[in-house]
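Student: Sending over a structure as structure tokens; questions will come in a sec.
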Amino acid sequence: MSLIIKICGLKTDDALEAALDAGADMIGLVFFPKSPRHVQLETAKRLAETARGRAEIVALTVNPDDALLETVMETVAPDWLQLHGKESPARVAEVRARHGRSVMKALGISTADDVARAGAYAGIADRLLFDAKPPKDATRPGGLGETFDWSLLDALDPAVDFMLSGGLDAANVAEAVRRTRAIGVDVSSGVERAPGEKDADMIRAFVATTRTAADEKFALDKGAAKRSLS
Ligand SMILES: O=C(O)c1ccccc1N[C@@H]1O[C@H](COP(=O)(O)O)[C@@H](O)[C@H]1O
């Protein structure tokens with residue numbers, strides 16, 4: 001399986017086209033008014049119509065109530081609901097059952113305890129997404145361009161798949177691919193020239209670098225598997 005690439009926080013037709021042309025597998029639309037990437041519903045609807053069938057559409061919300069999720073479902077019809085707040089495992093299960101959509105639960109990581117707590121969501125969320133834990137005074141829980149110590153993820157149950165985010169960019173994503181067993185990567189700030197302003201060249205560089213790193217890792221793993229059989 002090839003590595004999943006998600007470009008998040010798209011709010012213009014040009015940025016969306018750049019992500020789709022570059023070969024992004026998932027595109028993220030942010031519904032969080034305090035974010036510089038917040039997108040109006042009508043714009044989101046138009047962007048989703050362009051993206052449908054070319055990439056999976058992810059609607060990112062933070063501690064959403066059901067009214068917001070219903071509106072997003074009716075207007076945008078995303079493939080995924082990304083929950084990026086303090087949603088409990090029970091709330092994740094409820095959202096999944098009520099809205100009938102795959103749920104990606106984002107979890108902020110700064111300590112080994114944060115990784116241990118992730119186990120409570122395994123088998124409940126359809127996918128886990130690890131992000132850097134935001135500082136206490138942050139105005140948003142993600143999209144801050146901050147990395148975290150990826151070695152903390154070594155303690156995670158090997159049966160649990162996850163995507164990685166938090167401060168990724170074209171300069172560090174190859175190392176992230178090599179260093180972790182993430183099945184996908186998610187980027188927002190790292191493909192922007194200013195907060196909320198995506199840059200087509202940076203999107204292309206991010207996707208190309210990620211694909212090359214994933215191919216190299218696959219070739220290395222294949223070689224190692226062959227050697228262990230001989
Ligand atoms: O992008 C935002 O503004 C945002 C707001 C609220 C919650 C999450 C947000 N973004 C997500 O955060 C991670 C990491 O982003 P970055 O690459 O470090 O900027 C990613 O999943 C974004 O989708």
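Ligands are numbered from 1 in the order shown, residues from 1 within each chain, and chains are lettered A, B, ... in the order they appear in the structure tokens.
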Show me, as CSV, the residues of chain A having an atom within 9 Å of ligand 1, each with the closest atom pair and its distance in Å, using only C-alpha atoms and all ligand atoms.
Tutor:
residue,atom,partner,partner_atom_place_in_ligand_line,distance
A:Lys6,CA,ligand 1,23 (O),8.2
A:Ile7,CA,ligand 1,23 (O),7.5
A:Cys8,CA,ligand 1,23 (O),4.7
A:Gly9,CA,ligand 1,1 (O),5.4
A:Gly28,CA,ligand 1,23 (O),6.6
A:Leu29,CA,ligand 1,23 (O),8.2
A:Val30,CA,ligand 1,2 (C),6.6
A:Phe31,CA,ligand 1,5 (C),8.1
A:Phe32,CA,ligand 1,6 (C),6.2
A:Pro33,CA,ligand 1,5 (C),8.7
A:Lys34,CA,ligand 1,5 (C),7.5
A:Ser35,CA,ligand 1,3 (O),4.3
A:Pro36,CA,ligand 1,3 (O),5.8
A:Arg37,CA,ligand 1,3 (O),5.3
A:His38,CA,ligand 1,3 (O),7.1
A:Leu60,CA,ligand 1,8 (C),7.0
A:Thr61,CA,ligand 1,7 (C),6.9
A:Val62,CA,ligand 1,7 (C),6.3
A:Gln82,CA,ligand 1,23 (O),8.6
A:Leu83,CA,ligand 1,7 (C),8.3
A:His84,CA,ligand 1,7 (C),5.3
A:Gly85,CA,ligand 1,7 (C),7.1
A:Ala106,CA,ligand 1,21 (O),7.2
A:Leu129,CA,ligand 1,21 (O),7.3
A:Phe130,CA,ligand 1,21 (O),8.0
A:Asp131,CA,ligand 1,13 (C),5.8
A:Ala132,CA,ligand 1,14 (C),7.3
A:Thr139,CA,ligand 1,6 (C),8.6
A:Arg140,CA,ligand 1,6 (C),5.0
A:Pro141,CA,ligand 1,7 (C),4.8
A:Gly142,CA,ligand 1,8 (C),3.6
A:Gly143,CA,ligand 1,19 (O),3.2
A:Leu144,CA,ligand 1,19 (O),4.6
A:Gly145,CA,ligand 1,18 (O),3.3
A:Glu146,CA,ligand 1,18 (O),5.2
A:Thr147,CA,ligand 1,18 (O),6.9
A:Leu164,CA,ligand 1,21 (O),8.0
A:Ser165,CA,ligand 1,14 (C),5.0
A:Gly166,CA,ligand 1,18 (O),3.6
A:Gly167,CA,ligand 1,18 (O),3.8
A:Leu168,CA,ligand 1,17 (O),5.5
A:Asp169,CA,ligand 1,17 (O),7.5
A:Val185,CA,ligand 1,21 (O),8.7
A:Asp186,CA,ligand 1,21 (O),5.5
A:Val187,CA,ligand 1,17 (O),3.8
A:Ser188,CA,ligand 1,17 (O),3.8
A:Ser189,CA,ligand 1,19 (O),3.6
A:Gly190,CA,ligand 1,17 (O),5.5
A:Val191,CA,ligand 1,17 (O),7.9
A:Glu192,CA,ligand 1,19 (O),8.8
A:Pro195,CA,ligand 1,3 (O),8.4
A:Gly196,CA,ligand 1,3 (O),7.6
Student: Check the DSSP output for the backbone and give back, as a PyMOL selection string, the residues of range 9-140 of chain A in helix (DSSP H, G or I).
Tutor: chain A and resi 13-22+41-51+66-76+89-99+112-121
Student: From the set A:Glu70, A:Glu56, A:Glu87, A:Asp201, which residue has the shortest atom-to-atom contact distance to Ala120 in chain A, counting only C-alpha atoms?
Tutor: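 Using only C-alpha atoms, the shortest distance to Ala120 in chain A belongs to A:Glu87.
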Student: I'd like to know which of A:Ile124, A:Leu107, A:Ala77, A:Ala170 is closest to Val92 in chain A, using only C-alpha atoms.
Tutor: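 Once distances to Val92 in chain A are computed over only C-alpha atoms, the minimum belongs to A:Ile124.
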Student: Report as a PDB file with C-alpha atoms, in the first residue's frame all protein, DNA and RNA residues lying within 6 Å of range 93-104 of chain A, evaluated on only C-alpha atoms, omitting residues in the same chain fewer than 5 positions from it.
Tutor:
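Generated file (around.pdb):
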ATOM      1  CA  TRP A  80     -14.085  11.528   6.464  1.00  0.00           C
ATOM      2  CA  LEU A  81     -14.831  13.499   9.607  1.00  0.00           C
ATOM      3  CA  GLN A  82     -11.619  14.569  11.363  1.00  0.00           C
ATOM      4  CA  ILE A 124     -13.262   3.012  17.789  1.00  0.00           C
ATOM      5  CA  ALA A 125     -11.909   5.621  15.383  1.00  0.00           C
ATOM      6  CA  ASP A 126     -11.360   4.442  11.819  1.00  0.00           C
ATOM      7  CA  ARG A 127      -7.956   6.054  11.872  1.00  0.00           C
ATOM      8  CA  LEU A 128      -5.699   7.815  14.384  1.00  0.00           C
TER       9      LEU A 128
END
Student: A:Lys136, A:Arg46, A:Ala174, A:Ile183: which is nearest Ala208 in chain A, counting only C-alpha atoms?
Tutor: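 The answer is A:Ala174, which sits nearest to Ala208 in chain A.
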Student: Which residue out of A:Met163, A:Ile57, A:Leu152, A:Ala171 has the minimum interatomic distance to Gly184 in chain A when only C-alpha atoms are used?
Tutor: A:Met163
Student: Under the rule that only C-alpha atoms are counted, which of A:Met26, A:Val76, A:Met202, A:Ala67 is the nearest residue to Leu47 in chain A?
Tutor: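 Among the listed residues, A:Val76 lies closest to Leu47 in chain A.
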Student: Considering only C-alpha atoms, can you say which of A:Asp221, A:Asp21, A:Asp215, A:Asp161 comes closest to Lys105 in chain A?
Tutor: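 Result for the nearest residue to Lys105 in chain A: A:Asp161.
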Student: Taking the backbone alone, and naming residues the way the document does, which bits of range 7-229 of chain A are strand (DSSP E) by DSSP, as a PyMOL selection string?
Tutor: chain A and resi 7+26-30+56-61+80-83+102-109+127-132+162-164+184-187+192-194+197-198
Student: In Å, with one decimal, what is the gap from CA of Thr43 in chain A to CA of Lys11 in chain A?
Tutor: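 Interatomic distance, CA of Thr43 in chain A to CA of Lys11 in chain A: 7.4 Å.
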Student: Could you list, as an MDAnalysis selection string, every residue within 9 Å of Ala15 in chain A, counting only C-alpha atoms and ignoring same-chain residues fewer than 6 positions away?
Tutor: chainID A and resid 197:200 203
Student: Mind checking which residues fall within 6 Å of Lys133 in chain A, counting only C-alpha atoms, ignoring those fewer than 6 positions away in the same chain, and posting them as a PyMOL selection string?
Tutor: chain A and resi 108-110
